[in-house]
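Structure file coords.txt (compact mmCIF, C-alpha atoms) is printed below.
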# COMPACT_ATOMS: atom_id res chain seq x y z
CA MET A 664 4.07 28.96 71.03
CA SER A 665 2.03 25.84 70.33
CA HIS A 666 1.09 23.36 73.01
CA ALA A 667 3.31 20.74 71.41
CA ALA A 668 6.28 23.07 71.42
CA ARG A 669 5.87 23.74 75.15
CA ARG A 670 6.08 20.06 76.09
CA LEU A 671 9.24 18.66 77.64
CA PRO A 672 9.94 15.13 76.38
CA HIS A 673 12.04 14.16 79.40
CA ILE A 674 9.16 15.16 81.70
CA ASP A 675 6.73 13.18 79.55
CA ALA A 676 9.01 10.15 79.81
CA LEU A 677 9.05 10.34 83.62
CA LYS A 678 5.27 10.79 83.86
CA ALA A 679 4.48 7.99 81.45
CA LEU A 680 6.84 5.52 83.14
CA ALA A 681 5.75 6.39 86.69
CA ALA A 682 2.06 6.08 85.80
CA GLN A 683 2.52 2.58 84.37
CA VAL A 684 4.55 1.45 87.40
CA ILE A 685 1.84 2.64 89.80
CA VAL A 686 -0.86 0.84 87.81
CA LEU A 687 1.16 -2.39 87.80
CA HIS A 688 1.76 -2.00 91.54
CA HIS A 689 -1.99 -1.90 92.15
CA LEU A 690 -2.62 -4.81 89.78
CA VAL A 691 -0.37 -7.06 91.89
CA SER A 692 -1.71 -5.74 95.20
CA TYR A 693 -5.48 -6.26 95.13
CA GLY A 694 -7.77 -9.25 94.70
CA PRO A 695 -7.62 -12.57 92.84
CA ILE A 696 -5.59 -11.09 89.98
CA ALA A 697 -2.85 -10.11 92.43
CA ARG A 698 -2.86 -13.58 94.00
CA ALA A 699 -2.57 -15.18 90.56
CA ALA A 700 0.32 -12.87 89.64
CA HIS A 701 2.21 -13.73 92.86
CA GLU A 702 1.66 -17.43 92.22
CA ALA A 703 2.80 -17.33 88.59
CA LEU A 704 5.58 -14.70 88.87
CA PRO A 705 6.50 -14.50 92.56
CA LEU A 706 9.73 -12.50 92.20
CA LEU A 707 8.44 -9.92 89.72
CA ALA A 708 5.06 -9.52 91.42
CA GLY A 709 6.69 -9.31 94.82
CA PHE A 710 9.09 -6.63 93.63
CA MET A 711 6.29 -4.55 92.07
CA HIS A 712 4.14 -4.93 95.18
CA GLN A 713 6.96 -3.89 97.50
CA TYR A 714 8.59 -1.09 95.51
CA GLY A 715 6.12 -0.01 92.80
CA ARG A 716 4.45 2.51 95.10
CA MET A 717 7.71 4.45 95.24
CA ALA A 718 7.00 5.73 91.72
CA VAL A 719 4.77 8.32 93.41
CA GLN A 720 8.00 10.11 94.37
CA VAL A 721 8.66 10.70 90.67
CA PHE A 722 5.28 12.38 90.33
CA LEU A 723 5.97 14.53 93.39
CA VAL A 724 9.31 15.75 92.03
CA VAL A 725 7.86 16.38 88.57
CA GLY A 726 4.83 18.09 90.12
CA GLY A 727 7.05 20.45 92.10
CA TYR A 728 9.13 21.24 89.02
CA LEU A 729 6.11 21.99 86.82
CA SER A 730 4.38 24.03 89.53
CA ALA A 731 7.47 26.19 90.10
CA ARG A 732 7.89 26.57 86.34
CA GLY A 733 4.30 27.75 86.02
CA LEU A 734 4.18 29.95 89.12
CA SER A 735 7.65 31.47 88.77
CA PRO A 736 8.65 31.44 85.09
CA ARG A 737 12.22 32.59 84.52
CA GLY A 738 12.62 33.10 88.26
CA ARG A 739 10.13 35.95 88.55
CA SER A 740 8.07 36.38 91.70
CA LEU A 741 4.49 35.18 91.98
CA GLN A 742 2.18 37.26 89.77
CA ALA A 743 -1.29 35.68 89.90
CA ALA A 744 -3.83 36.06 92.71
CA VAL A 745 -3.52 33.32 95.32
CA PRO A 746 -7.27 32.51 95.68
CA GLU A 747 -7.66 32.05 91.93
CA LEU A 748 -4.58 29.82 91.74
CA LEU A 749 -5.84 27.57 94.54
CA TRP A 750 -9.40 27.46 93.20
CA ARG A 751 -8.29 26.48 89.72
CA ARG A 752 -5.95 23.80 91.09
CA TYR A 753 -8.76 22.44 93.25
CA LEU A 754 -11.13 22.19 90.29
CA ARG A 755 -8.50 20.66 88.04
CA LEU A 756 -7.78 17.92 90.58
CA THR A 757 -11.18 17.38 92.14
CA LEU A 758 -13.62 17.28 89.22
CA PRO A 759 -11.89 14.32 87.48
CA PHE A 760 -11.29 12.70 90.88
CA LEU A 761 -14.97 12.85 91.81
CA ALA A 762 -15.97 11.50 88.39
CA ALA A 763 -13.60 8.55 88.84
CA LEU A 764 -14.79 8.07 92.42
CA ALA A 765 -18.38 7.86 91.19
CA LEU A 766 -17.31 5.17 88.71
CA THR A 767 -15.47 3.32 91.48
CA LEU A 768 -18.46 3.37 93.84
CA GLY A 769 -20.83 2.30 91.08
CA THR A 770 -18.51 -0.54 90.15
CA SER A 771 -18.15 -1.52 93.81
CA GLY A 772 -21.90 -1.92 94.12
CA PHE A 773 -21.99 -3.98 90.95
CA VAL A 774 -19.31 -6.45 92.08
CA ALA A 775 -20.16 -6.50 95.79
CA SER A 776 -21.61 -10.00 95.67
CA SER A 777 -18.62 -11.61 93.97
CA TRP A 778 -15.77 -9.65 95.53
CA PRO A 779 -16.78 -8.06 98.85
CA GLU A 780 -13.28 -7.71 100.30
CA LEU A 781 -12.57 -4.30 98.74
CA VAL A 782 -16.11 -2.93 98.70
CA PRO A 783 -16.82 -0.29 101.39
CA ALA A 784 -19.30 -1.68 103.90
CA ASP A 785 -20.85 1.66 104.82
CA ILE A 786 -20.44 5.08 103.24
CA SER A 787 -21.54 8.17 105.12
CA ILE A 788 -22.43 11.62 103.82
CA GLY A 789 -19.56 13.01 105.86
CA GLN A 790 -17.13 10.63 104.18
CA LEU A 791 -18.29 11.68 100.72
CA PHE A 792 -18.14 15.36 101.67
CA ALA A 793 -14.60 14.90 103.03
CA HIS A 794 -13.55 13.31 99.75
CA ALA A 795 -15.06 16.22 97.80
CA LEU A 796 -12.96 18.61 99.89
CA LEU A 797 -9.88 16.34 99.67
CA LEU A 798 -9.78 16.20 103.48
CA HIS A 799 -10.61 12.52 104.03
CA ASP A 800 -7.21 11.60 105.49
CA VAL A 801 -7.02 14.77 107.58
CA LEU A 802 -10.46 14.10 109.05
CA GLY A 803 -9.77 10.40 109.61
CA TYR A 804 -12.09 8.91 106.98
CA GLU A 805 -11.18 5.72 105.13
CA ALA A 806 -10.33 6.35 101.48
CA LEU A 807 -12.96 5.11 99.04
CA THR A 808 -10.48 4.45 96.23
CA VAL A 809 -6.77 3.86 95.84
CA GLY A 810 -4.66 6.94 95.25
CA ALA A 811 -7.14 9.30 96.92
CA TRP A 812 -4.41 10.33 99.35
CA TYR A 813 -2.18 11.48 96.49
CA VAL A 814 -4.83 13.80 95.05
CA ALA A 815 -5.27 15.43 98.47
CA ILE A 816 -1.53 15.75 99.04
CA ASP A 817 -1.02 17.26 95.59
CA LEU A 818 -3.40 20.08 96.46
CA GLN A 819 -1.75 20.63 99.85
CA LEU A 820 1.72 20.75 98.31
CA PHE A 821 0.64 23.19 95.61
CA ALA A 822 -0.96 25.41 98.26
CA ALA A 823 2.22 25.28 100.36
CA LEU A 824 4.36 26.31 97.38
CA VAL A 825 1.97 29.13 96.49
CA GLY A 826 2.00 30.28 100.10
CA LEU A 827 5.78 30.42 100.26
CA LEU A 828 5.96 32.37 97.01
CA TRP A 829 3.25 34.71 98.27
CA LEU A 830 5.29 35.37 101.42
CA ALA A 831 8.30 36.15 99.25
CA ARG A 832 6.23 38.63 97.26
CA ARG A 833 4.46 40.31 100.17
CA GLY A 834 6.89 39.99 103.04
CA TRP A 835 10.06 41.56 101.60
CA ARG A 836 10.06 44.95 99.87
CA HIS A 837 13.55 44.61 98.51
CA PRO A 838 15.08 43.88 95.07
CA SER A 839 16.38 40.55 96.42
CA ARG A 840 12.81 39.30 96.86
CA LEU A 841 13.18 37.43 93.57
CA ILE A 842 15.47 34.98 95.37
CA VAL A 843 13.54 34.94 98.63
CA GLY A 844 10.97 32.48 97.24
CA PRO A 845 13.51 29.79 96.32
CA VAL A 846 15.29 30.35 99.64
CA LEU A 847 12.04 29.83 101.56
CA VAL A 848 11.32 26.69 99.54
CA ALA A 849 14.85 25.40 100.24
CA GLY A 850 14.28 25.97 103.94
CA ALA A 851 10.99 24.05 103.78
CA VAL A 852 12.76 21.21 101.93
CA LEU A 853 15.37 20.97 104.70
CA ALA A 854 12.71 21.05 107.41
CA SER A 855 10.81 18.28 105.65
CA ALA A 856 13.92 16.13 105.06
CA PHE A 857 15.32 16.41 108.57
CA VAL A 858 12.13 16.62 110.66
CA PHE A 859 8.69 16.09 109.14
CA ASN A 860 9.53 13.30 106.68
CA ARG A 861 10.89 11.23 109.56
CA GLN A 862 7.45 11.18 111.25
CA PRO A 863 5.20 8.56 109.55
CA GLY A 864 2.21 9.88 111.47
CA LEU A 865 2.37 13.07 109.41
CA ASP A 866 1.86 11.35 106.04
CA ALA A 867 -1.58 12.96 105.61
CA PHE A 868 -0.03 16.43 105.55
CA ALA A 869 2.08 18.38 103.05
CA PRO A 870 5.20 18.88 105.24
CA TYR A 871 5.85 15.13 105.17
CA PHE A 872 6.10 15.09 101.36
CA PHE A 873 7.39 18.60 100.73
CA VAL A 874 11.00 17.44 100.46
CA SER A 875 10.22 15.62 97.18
CA TYR A 876 7.97 18.36 95.82
CA GLY A 877 10.42 21.08 96.81
CA LEU A 878 13.34 19.29 95.19
CA GLY A 879 11.51 19.50 91.89
CA ALA A 880 10.88 23.22 92.38
CA LEU A 881 14.54 23.82 93.23
CA VAL A 882 15.61 22.05 90.04
CA HIS A 883 13.63 24.62 88.06
CA TRP A 884 15.20 27.60 89.82
CA LEU A 885 18.71 26.19 89.81
CA GLY A 886 18.41 25.71 86.06
CA LEU A 887 18.09 29.52 85.76
CA TRP A 888 21.11 30.24 87.97
CA ARG A 889 24.63 30.54 86.57
CA PHE A 890 25.96 28.60 89.58
CA ARG A 891 23.62 25.68 88.91
CA ARG A 892 26.23 22.98 89.54
CA ALA A 893 27.29 24.46 92.86
CA GLY A 894 23.67 24.68 93.91
CA LEU A 895 23.05 21.07 92.94
CA VAL A 896 26.07 19.97 94.96
CA LEU A 897 24.70 21.79 98.01
CA VAL A 898 21.25 20.25 97.56
CA ALA A 899 22.70 16.75 97.06
CA ALA A 900 24.97 17.16 100.11
CA ALA A 901 22.04 18.26 102.29
CA MET A 902 19.91 15.32 101.17
CA ALA A 903 22.84 12.93 101.65
CA ALA A 904 23.14 14.18 105.23
CA ALA A 905 19.42 13.61 105.76
CA LEU A 906 19.74 10.08 104.38
CA TRP A 907 22.78 9.40 106.56
CA LEU A 908 20.77 10.51 109.58
CA ASP A 909 17.77 8.36 108.62
CA TRP A 910 17.81 6.32 105.43
CA ARG A 911 14.57 6.45 103.43
CA ASP A 912 14.21 4.70 100.08
CA ARG A 913 11.60 7.20 98.93
CA LEU A 914 13.83 10.17 99.66
CA ALA A 915 16.74 8.53 97.85
CA LEU A 916 14.52 8.00 94.79
CA ALA A 917 13.27 11.61 94.96
CA LEU A 918 16.87 12.89 95.06
CA ALA A 919 17.88 10.65 92.14
CA THR A 920 14.85 11.85 90.15
CA ALA A 921 15.68 15.50 90.86
CA LEU A 922 19.32 15.07 89.80
CA TRP A 923 18.32 13.21 86.64
CA LEU A 924 15.77 15.92 85.87
CA SER A 925 18.40 18.63 86.31
CA TRP A 926 20.78 16.77 83.99
CA ALA A 927 18.06 16.31 81.36
CA GLU A 928 17.10 19.98 81.67
CA ALA A 929 20.70 21.10 81.17
CA ARG A 930 21.02 18.99 78.04
CA GLN A 931 17.73 20.36 76.74
CA ALA A 932 18.89 23.95 77.31
CA ALA A 933 22.18 23.22 75.56
CA GLY A 934 20.40 21.94 72.47
CA ARG A 935 21.41 18.32 73.13
CA PRO A 936 18.12 16.84 74.35
CA LEU A 937 18.25 13.53 76.14
CA ILE A 938 15.11 12.30 74.37
CA PRO A 939 15.27 12.19 70.55
CA ALA A 940 12.81 14.52 68.88
CA ALA A 941 11.28 11.60 66.99
CA TRP A 942 10.14 10.09 70.30
CA ALA A 943 8.50 13.25 71.58
CA PRO A 944 5.01 12.76 70.03
CA ALA A 945 4.71 9.19 71.33
CA LEU A 946 5.86 10.23 74.80
CA ALA A 947 3.38 13.11 74.81
CA ARG A 948 0.54 10.76 73.92
CA ALA A 949 1.58 8.39 76.71
CA ALA A 950 2.04 11.08 79.36
CA THR A 951 -0.98 13.28 78.67
CA PRO A 952 -3.58 10.89 80.14
CA SER A 953 -1.36 9.82 83.07
CA TYR A 954 -3.62 11.46 85.69
CA ALA A 955 -6.69 9.96 84.02
CA LEU A 956 -5.01 6.55 84.09
CA PHE A 957 -4.13 7.01 87.75
CA LEU A 958 -7.79 7.75 88.57
CA LEU A 959 -9.48 5.26 86.27
CA HIS A 960 -7.57 2.00 86.57
CA PHE A 961 -9.05 0.95 89.93
CA PRO A 962 -12.71 0.60 88.82
CA VAL A 963 -11.43 -1.42 85.86
CA LEU A 964 -9.47 -3.60 88.29
CA LEU A 965 -12.62 -4.11 90.37
CA LEU A 966 -14.49 -5.43 87.34
CA THR A 967 -11.77 -7.79 86.14
CA ASN A 968 -11.16 -9.11 89.65
CA ALA A 969 -14.87 -9.85 89.98
CA LEU A 970 -14.74 -11.64 86.63
CA LEU A 971 -11.81 -13.79 87.75
CA ALA A 972 -13.48 -14.54 91.09
CA GLY A 973 -16.52 -15.82 89.20
CA LEU A 974 -14.58 -18.15 86.90
CA PRO A 975 -14.74 -21.78 88.02
CA GLU A 976 -11.31 -23.29 88.75
CA ALA A 977 -9.45 -20.30 87.35
CA GLY A 978 -5.69 -20.77 87.55
CA PRO A 979 -2.68 -18.44 87.50
CA ALA A 980 -2.71 -18.34 83.70
CA SER A 981 -6.23 -16.91 83.69
CA GLY A 982 -5.16 -14.35 86.27
CA LEU A 983 -2.21 -13.22 84.14
CA VAL A 984 -4.44 -12.89 81.08
CA LEU A 985 -6.87 -10.73 83.02
CA LEU A 986 -3.99 -8.71 84.48
CA ALA A 987 -2.83 -7.87 80.97
CA ALA A 988 -6.41 -7.16 79.89
CA THR A 989 -6.90 -4.83 82.88
CA TRP A 990 -3.73 -2.92 82.07
CA LEU A 991 -4.68 -2.58 78.39
CA LEU A 992 -8.30 -1.60 79.06
CA ALA A 993 -7.32 0.99 81.69
CA ASN A 994 -4.85 2.61 79.29
CA CYS A 995 -7.43 2.67 76.51
CA LEU A 996 -10.17 4.18 78.69
CA ALA A 997 -7.81 6.81 80.12
CA VAL A 998 -7.61 8.57 76.74
CA PRO A 999 -11.33 9.41 76.40
CA PHE A 1000 -11.53 10.12 80.15
CA HIS A 1001 -8.79 12.70 79.76
CA ARG A 1002 -10.40 14.21 76.67
CA TRP A 1003 -13.97 14.39 77.95
CA VAL A 1004 -13.51 14.77 81.72
CA GLU A 1005 -10.03 15.87 82.77
CA ALA A 1006 -9.35 18.41 80.01
CA PRO A 1007 -12.75 20.16 80.35
CA ALA A 1008 -12.22 20.29 84.14
CA ALA A 1009 -8.90 22.09 83.59
CA ARG A 1010 -10.71 24.68 81.44
CA PHE A 1011 -13.78 24.97 83.65
CA ASP A 1012 -14.46 28.52 84.84
CA PRO A 1013 -17.39 28.99 87.26
CA ARG A 1014 -17.53 32.68 86.34
CA ALA A 1015 -18.93 31.71 82.95
CA TRP A 1016 -21.98 30.26 84.76
CA LEU A 1017 -22.32 32.93 87.45
CA PRO A 1018 -22.65 36.43 85.98
CA GLY A 1019 -21.96 38.02 89.34
CA LEU A 1020 -18.56 36.37 89.60
CA ARG A 1021 -17.79 37.20 85.98
CA THR A 1022 -18.56 40.86 86.58
CA ALA A 1023 -16.46 40.90 89.75
Translate this structure into structure tokens?
Amino acid sequence: MSHAARRLPHIDALKALAAQVIVLHHLVSYGPIARAAHEALPLLAGFMHQYGRMAVQVFLVVGGYLSARGLSPRGRSLQAAVPELLWRRYLRLTLPFLAALALTLGTSGFVASSWPELVPADISIGQLFAHALLLHDVLGYEALTVGAWYVAIDLQLFAALVGLLWLARRGWRHPSRLIVGPVLVAGAVLASAFVFNRQPGLDAFAPYFFVSYGLGALVHWLGLWRFRRAGLVLVAAAMAAALWLDWRDRLALALATALWLSWAEARQAAGRPLIPAAWAPALARAATPSYALFLLHFPVLLLTNALLAGLPEAGPASGLVLLAATWLLANCLAVPFHRWVEAPAARFDPRAWLPGLRTA
């Protein structure tokens, strides 16, 4: 099956839309460009600043769905070795992240004189090492770029899902073990929704976000079950109870995303796709560099903010022009970054460089 044939247009639509919303949220949240946007378009900029960050929940649900689909295709138990899965995920996330972080730090030094408010005053070796290990929030270091927390949480969530599926494979020697994994994930989703997600102090750890990630994974498994609708009703009822106990906008959005994803999946399986086939190539092109866009837009924003800060008597109109230019330039640069940095990182295999590992 070709790569194009494996793509899911409704997933591409979610990824492309969420990535653009997050970029726009950051554009109206940092520096002179943000101040110009709030002055020129106060309602729209205020809305994007307040609620745009919630688009991360879409990525969490989609990430859980795709991870479960890859780790447990057709509902089978975990097959691959856990260390290799975690190592490959780490490389896939971290190598592009560190490349973008290097660009951000280089840009920060370049614009420090004109826009010092977002430039780190002092960077320690420990802080850099913590970022390389994706442990900066856990160890209490200040993030050196926006979105660094998400990269770290993504790895934690993937590791948690792999661990639960590993327990299902190793802990139960019984034919029903094929359903033990989804049951364990459902239990973790409930624990997150009713306990951990209600503790803001835990937002540097996977249990806080696992409800969103796990909902995506459950959508995949429920799509393979003949009682899919009954399962969705149970999931929706449990999340409604959690929201009744403690309303959270992010959890409501995660639930809505999961239900929409399940509906789109059912239509796709029935041969009535929600997204017309003619749109699929454009959506694929927009969604493919979404992670690259997420990583790369902040150094671009640093440069354009420094440019605006250096313009004499620049008004809101100049700020809006540079906002649009920042958005366009970030989207354009994300394509080569994905092709030359992110994609090679996903294929990188250290065993090719270390004969001892290759032999082992």
With stretch 983-1001 of chain A as the partner and 12 Å as the cut-off, tabulate the residues of stretch 699-804 of chain A that qualify, each row holding the nearest pair of atoms and their distance in Å to one decimal, using only C-alpha atoms, sorted by chain and rising number, as a tab-separated table.
residue	atom	partner	partner_atom	distance
A:Ala699	CA	A:Leu983	CA	6.7
A:Ala700	CA	A:Leu983	CA	6.1
A:His701	CA	A:Leu983	CA	9.8
A:Glu702	CA	A:Leu983	CA	9.9
A:Ala703	CA	A:Leu983	CA	7.9
A:Leu704	CA	A:Leu983	CA	9.2
A:Ala708	CA	A:Leu983	CA	10.9
A:Arg755	CA	A:His1001	CA	11.5
A:Leu758	CA	A:His1001	CA	11.6
A:Pro759	CA	A:Phe1000	CA	8.5
A:Phe760	CA	A:Phe1000	CA	11.0
A:Ala762	CA	A:Phe1000	CA	9.5
A:Ala763	CA	A:Phe1000	CA	9.1
A:Leu766	CA	A:Phe1000	CA	11.5
(Q) Ranking A:Trp910, A:Ala822, A:Thr967, A:His712 by minimum distance to A:Tyr753 and counting all atoms listed in the file, which one comes first? (A)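 Of A:Trp910, A:Ala822, A:Thr967, A:His712, the one nearest A:Tyr753, counting all atoms listed in the file, is A:Ala822.
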Shell around stretch 916-932 of chain A at 10 Å using all atoms listed in the file, local window under 4 positions removed, as a compact mmCIF listing (two decimals) with C-alpha atoms, in the coordinates of the input:
# COMPACT_ATOMS: atom_id res chain seq x y z
CA LEU A 671 9.24 18.66 77.64
CA PRO A 672 9.94 15.13 76.38
CA HIS A 673 12.04 14.16 79.40
CA ILE A 674 9.16 15.16 81.70
CA LEU A 677 9.05 10.34 83.62
CA MET A 717 7.71 4.45 95.24
CA ALA A 718 7.00 5.73 91.72
CA VAL A 719 4.77 8.32 93.41
CA GLN A 720 8.00 10.11 94.37
CA VAL A 721 8.66 10.70 90.67
CA PHE A 722 5.28 12.38 90.33
CA LEU A 723 5.97 14.53 93.39
CA VAL A 724 9.31 15.75 92.03
CA VAL A 725 7.86 16.38 88.57
CA TYR A 728 9.13 21.24 89.02
CA VAL A 874 11.00 17.44 100.46
CA SER A 875 10.22 15.62 97.18
CA TYR A 876 7.97 18.36 95.82
CA GLY A 877 10.42 21.08 96.81
CA LEU A 878 13.34 19.29 95.19
CA GLY A 879 11.51 19.50 91.89
CA ALA A 880 10.88 23.22 92.38
CA LEU A 881 14.54 23.82 93.23
CA VAL A 882 15.61 22.05 90.04
CA HIS A 883 13.63 24.62 88.06
CA LEU A 885 18.71 26.19 89.81
CA GLY A 886 18.41 25.71 86.06
CA LEU A 887 18.09 29.52 85.76
CA ARG A 891 23.62 25.68 88.91
CA ARG A 892 26.23 22.98 89.54
CA LEU A 895 23.05 21.07 92.94
CA VAL A 896 26.07 19.97 94.96
CA VAL A 898 21.25 20.25 97.56
CA ALA A 899 22.70 16.75 97.06
CA MET A 902 19.91 15.32 101.17
CA ALA A 903 22.84 12.93 101.65
CA ARG A 911 14.57 6.45 103.43
CA ASP A 912 14.21 4.70 100.08
CA PRO A 936 18.12 16.84 74.35
CA LEU A 937 18.25 13.53 76.14
CA ILE A 938 15.11 12.30 74.37
Residues at most 8 Å from A:Asn860, counting only C-alpha atoms, excluding those fewer than 4 positions away in the same chain, as an mmCIF file with C-alpha atoms, keeping the file's coordinate frame?
data_model
loop_
_atom_site.group_PDB
_atom_site.id
_atom_site.type_symbol
_atom_site.label_atom_id
_atom_site.label_comp_id
_atom_site.auth_asym_id
_atom_site.auth_seq_id
_atom_site.Cartn_x
_atom_site.Cartn_y
_atom_site.Cartn_z
ATOM 1 C CA SER A 855 10.810 18.280 105.650
ATOM 2 C CA ALA A 856 13.920 16.130 105.060
ATOM 3 C CA LEU A 865 2.370 13.070 109.410
ATOM 4 C CA ASP A 866 1.860 11.350 106.040
ATOM 5 C CA PRO A 870 5.200 18.880 105.240
ATOM 6 C CA TYR A 871 5.850 15.130 105.170
ATOM 7 C CA PHE A 872 6.100 15.090 101.360
ATOM 8 C CA VAL A 874 11.000 17.440 100.460
#
Q: Grab the atom CA of A:Ala955 to atom CA of A:Glu1005 distance for me, in Å with one decimal place.
A: 6.9 Å
Q) For the atom pair atom CA of A:Tyr804 and atom CA of A:Phe957, what is the interatomic distance in Å to one decimal place? A)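 Those two atoms sit 20.9 Å apart.
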Q.
Could you tell me how far atom CA of A:Trp942 sits from atom CA of A:Ala676, in Å to one decimal place?
A.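 For atom CA of A:Ala676 relative to atom CA of A:Trp942, the distance reads 9.6 Å.
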Q: Extract, using all atoms listed in the file, all DNA, RNA and protein residues at most 12 Å from A:Gly844, discarding same-chain residues fewer than 3 positions from it, and format them as JSON, numbers by chain.
A: {"A": [731, 734, 735, 738, 739, 740, 741, 823, 824, 825, 826, 827, 828, 829, 830, 831, 832, 833, 834, 835, 839, 840, 841, 847, 848, 849, 850, 851, 877, 880, 881, 884]}
Q. For A:Leu958, which residue out of A:Phe873, A:Phe890, A:Tyr813, A:Phe868 is the nearest one, using all atoms listed in the file?
A. A:Tyr813
Q: Determine, counting all atoms listed in the file, every residue of protein, DNA or RNA that lies within 7 Å of (-5.5, 17.0, 95.0) in the file coordinates, then give the result as a count of residues only.
A: 10
Q) Restricting the calculation to all atoms listed in the file, which member of A:Ala941, A:Thr808, A:Asn968, A:Arg737 is positioned closest to A:Ser981? A)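 That would be A:Asn968, the residue with the smallest distance to A:Ser981.
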